[in-house]
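Participant: Have a look at this one before I ask anything.
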There are 2 protein chains.
Amino acid sequence: MSKSAVSPALTDLTADTPCCPPLAQSRIPAETATVLAPAFKALGDPVRLQLMSMIASAAGGEVCVCDLTPAFDLSGPTISHHLKTLREAGLVDAERRGSWVYYRARPAILRQLAGLLTIDPAAV
Amino acid sequence: MSKSAVSPALTDLTADTPCCPPLAQSRIPAETATVLAPAFKALGDPVRLQLMSMIASAAGGEVCVCDLTPAFDLSGPTISHHLKTLREAGLVDAERRGSWVYYRARPAILRQLAGLLTIDPAAV
DNA sequence: TGTCGAATTCGATGTTTGTCGAAACCAAGG
DNA sequence: CCTTGGTTTCGACAAACATCGAATTCGACA
């Protein structure tokens with residue numbers, strides 16, 4: 001399950017390196033954009049944005065898929081597909097324990113995305 | 001040009017209201033996800049992410065389309081299409097002055113997105 | 001070992017997206 | 001007024017996506 005194969009390029013960036021200055025401070029290099037865009041894309045769906053929030057805000061830092069699925073009017077496979085998308089974007093990690101699978105957020109990349117969007121308070 | 005029609009729901013959110021607590025702090029309501037996801041989606045393409053950065057980091061706070069287009073190996077219509085996507089997501093504003101069109105970032109919504117992704121430093 | 005339940009993978013389908021060239025629009029200057 | 005250059009809109013098309021039901025995998029536990 002931990003095989004959940006984050007793309008090689010992404011693994012580098014999920015490290016706790018401060019990385020990239022804010023998007024509004026200096027022009028993003030093409031490679032950086034190519035690597036980070038998929039993370040934004042993954043958050044660009046209402047269902048996945050909610051899933052991400054449910055996972056990231058979960059008490060204990062993790063959530064069982066069995067708690068995520070019933071929160072939506074969607075089939076199990078569809079939720080599983082969205083979770084895979086979040087996984088491949090490097091936003092979450094999955095771990096199987098017994099019959100259940102638990103998801104947790106990857107704070108490093110979330111911080112990275114937040115940092116990228118950060119705007120100098122001086123800027124109107 | 002200012003007609004560039006941000007969806008009505010979005011205009012509310014582009015206000016400077018602090019809005020929404022971080023995604024990792026409390027579960028995002030479905031409506032909030034529905035309203036904000038399109039903004040992330042718009043940033044979820046490498047070309048648009050670069051465009052956004054070029055616009056947001058521009059000296060003087062604005063950039064001419066004529067400076068954006070030649071920075072990519074893409075046709076004019078394609079760049080224009082991406083700019084429209086950013087506009088409709090409420091991320092940028094366009095203004096025509098003479099023959100040229102200038103784009104500027106909308107800091108409020110960027111701050112909002114950044115805030116949503118913000119992670120409590122205490123969280124590992 | 002056989003079955004049950006949880007989750008993922010597979011295959012199919014209708015929709016959305018990124019891209020282009022052609023055409024239209026619009027302001028500036030001859 | 002007519003042309004020219006910058007930008008957007010239109011129409012088309014292949015690739016990617018969201019969704020589902022069916023089939024599969026994987027532990028747990030009789």
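Chain labels follow the order of the structure tokens: the first chain is A, the next B, and so on; residue numbering restarts at 1 in every chain, and ligands are counted from 1 in their shown order.
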Pick out the chain B residues within 8 Å of chain C. Count only C-alpha atoms (C1' of nucleotides). Give them as a list in words.
Facilitator: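 The contacting residues on chain B are Ser75, Thr78, Gly98 and Ser99 of chain B.
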Participant: Output the contact residues of chain D with respect to chain B at a cut-off of 9 Å, based on only C-alpha atoms (C1' of nucleotides), as number ranges by chain.
Facilitator: D: 5-9
Participant: Distance table requested - chain B against chain A, cut-off 8 Å, only C-alpha atoms: one row per qualifying residue with the closest atom pair and its distance in Å to one decimal, ordered by chain and rising residue number, as a Markdown table.
Facilitator:
| residue | atom | partner | partner_atom | distance |
| --- | --- | --- | --- | --- |
| B:Leu23 | CA | A:Ser53 | CA | 4.9 |
| B:Ala24 | CA | A:Ser57 | CA | 4.2 |
| B:Gln25 | CA | A:Ser57 | CA | 5.1 |
| B:Ser26 | CA | A:Ser57 | CA | 5.5 |
| B:Arg27 | CA | A:Ser53 | CA | 5.2 |
| B:Ile28 | CA | A:Gln50 | CA | 5.8 |
| B:Pro29 | CA | A:Gln50 | CA | 7.3 |
| B:Ala30 | CA | A:Gln50 | CA | 6.8 |
| B:Ala33 | CA | A:Pro46 | CA | 4.9 |
| B:Thr34 | CA | A:Pro46 | CA | 5.0 |
| B:Leu36 | CA | A:Pro46 | CA | 7.8 |
| B:Ala37 | CA | A:Gly44 | CA | 4.5 |
| B:Pro38 | CA | A:Gly44 | CA | 5.7 |
| B:Ala39 | CA | A:Gly44 | CA | 7.0 |
| B:Phe40 | CA | A:Gly44 | CA | 4.5 |
| B:Lys41 | CA | A:Gly44 | CA | 3.7 |
| B:Ala42 | CA | A:Gly44 | CA | 7.4 |
| B:Leu43 | CA | A:Phe40 | CA | 5.9 |
| B:Gly44 | CA | A:Lys41 | CA | 3.7 |
| B:Asp45 | CA | A:Ala37 | CA | 5.3 |
| B:Pro46 | CA | A:Ala33 | CA | 4.9 |
| B:Val47 | CA | A:Ala33 | CA | 7.5 |
| B:Leu49 | CA | A:Ala33 | CA | 6.0 |
| B:Gln50 | CA | A:Ile28 | CA | 5.8 |
| B:Met52 | CA | A:Leu23 | CA | 7.7 |
| B:Ser53 | CA | A:Leu23 | CA | 4.9 |
| B:Met54 | CA | A:Arg27 | CA | 5.3 |
| B:Ile55 | CA | A:Ala24 | CA | 7.8 |
| B:Ala56 | CA | A:Ala24 | CA | 4.5 |
| B:Ser57 | CA | A:Ala24 | CA | 4.2 |
| B:Ala58 | CA | A:Ala24 | CA | 7.9 |
| B:Pro107 | CA | A:Ile119 | CA | 6.8 |
| B:Leu110 | CA | A:Leu117 | CA | 5.9 |
| B:Arg111 | CA | A:Thr118 | CA | 6.1 |
| B:Leu113 | CA | A:Leu117 | CA | 7.1 |
| B:Ala114 | CA | A:Ala114 | CA | 4.5 |
| B:Gly115 | CA | A:Ala114 | CA | 7.0 |
| B:Leu116 | CA | A:Ala114 | CA | 7.8 |
| B:Leu117 | CA | A:Ala114 | CA | 5.2 |
| B:Thr118 | CA | A:Ala114 | CA | 5.7 |
| B:Ile119 | CA | A:Arg111 | CA | 6.2 |
| B:Ala123 | CA | A:Pro107 | CA | 7.6 |
| B:Val124 | CA | A:Pro107 | CA | 6.9 |
Participant: Using DSSP on the backbone, list every residue of chain B that comes out as helix (DSSP H, G or I), and give them as number ranges by chain.
Facilitator: B: 8-13, 30-43, 46-56, 59-61, 65-71, 76-88, 107-117
Participant: Can you check which residues of range 1-118 of chain A DSSP gives as strand (DSSP E) on the backbone and send them as a list in words?
Facilitator: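 Assigned to strand (DSSP E), within range 1-118 of chain A: Val63, Cys64, Val92, Asp93, Ala94, Glu95, Arg96, Arg97, Trp100, Val101, Tyr102, Tyr103, Arg104 and Ala105 of chain A.
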Participant: Using only C-alpha atoms (C1' of nucleotides), pick whichever of A:Glu88, A:Asp73, A:Asp67, A:Asp93 has the shortest atom-to-atom distance to DT19 in chain D.
Facilitator: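 Checking each of A:Glu88, A:Asp73, A:Asp67, A:Asp93 against DT19 in chain D, counting only C-alpha atoms (C1' of nucleotides), the winner is A:Asp73.
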Participant: Please compute the CA of Arg97 in chain A-C1' of DC29 in chain D distance, one decimal, in Å.
Facilitator: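 Separating CA of Arg97 in chain A from C1' of DC29 in chain D is a distance of 15.6 Å.
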Participant: Between CA of His82 in chain A and CA of Glu62 in chain A, what is the distance, to one decimal in Å?
Facilitator: 16.7 Å
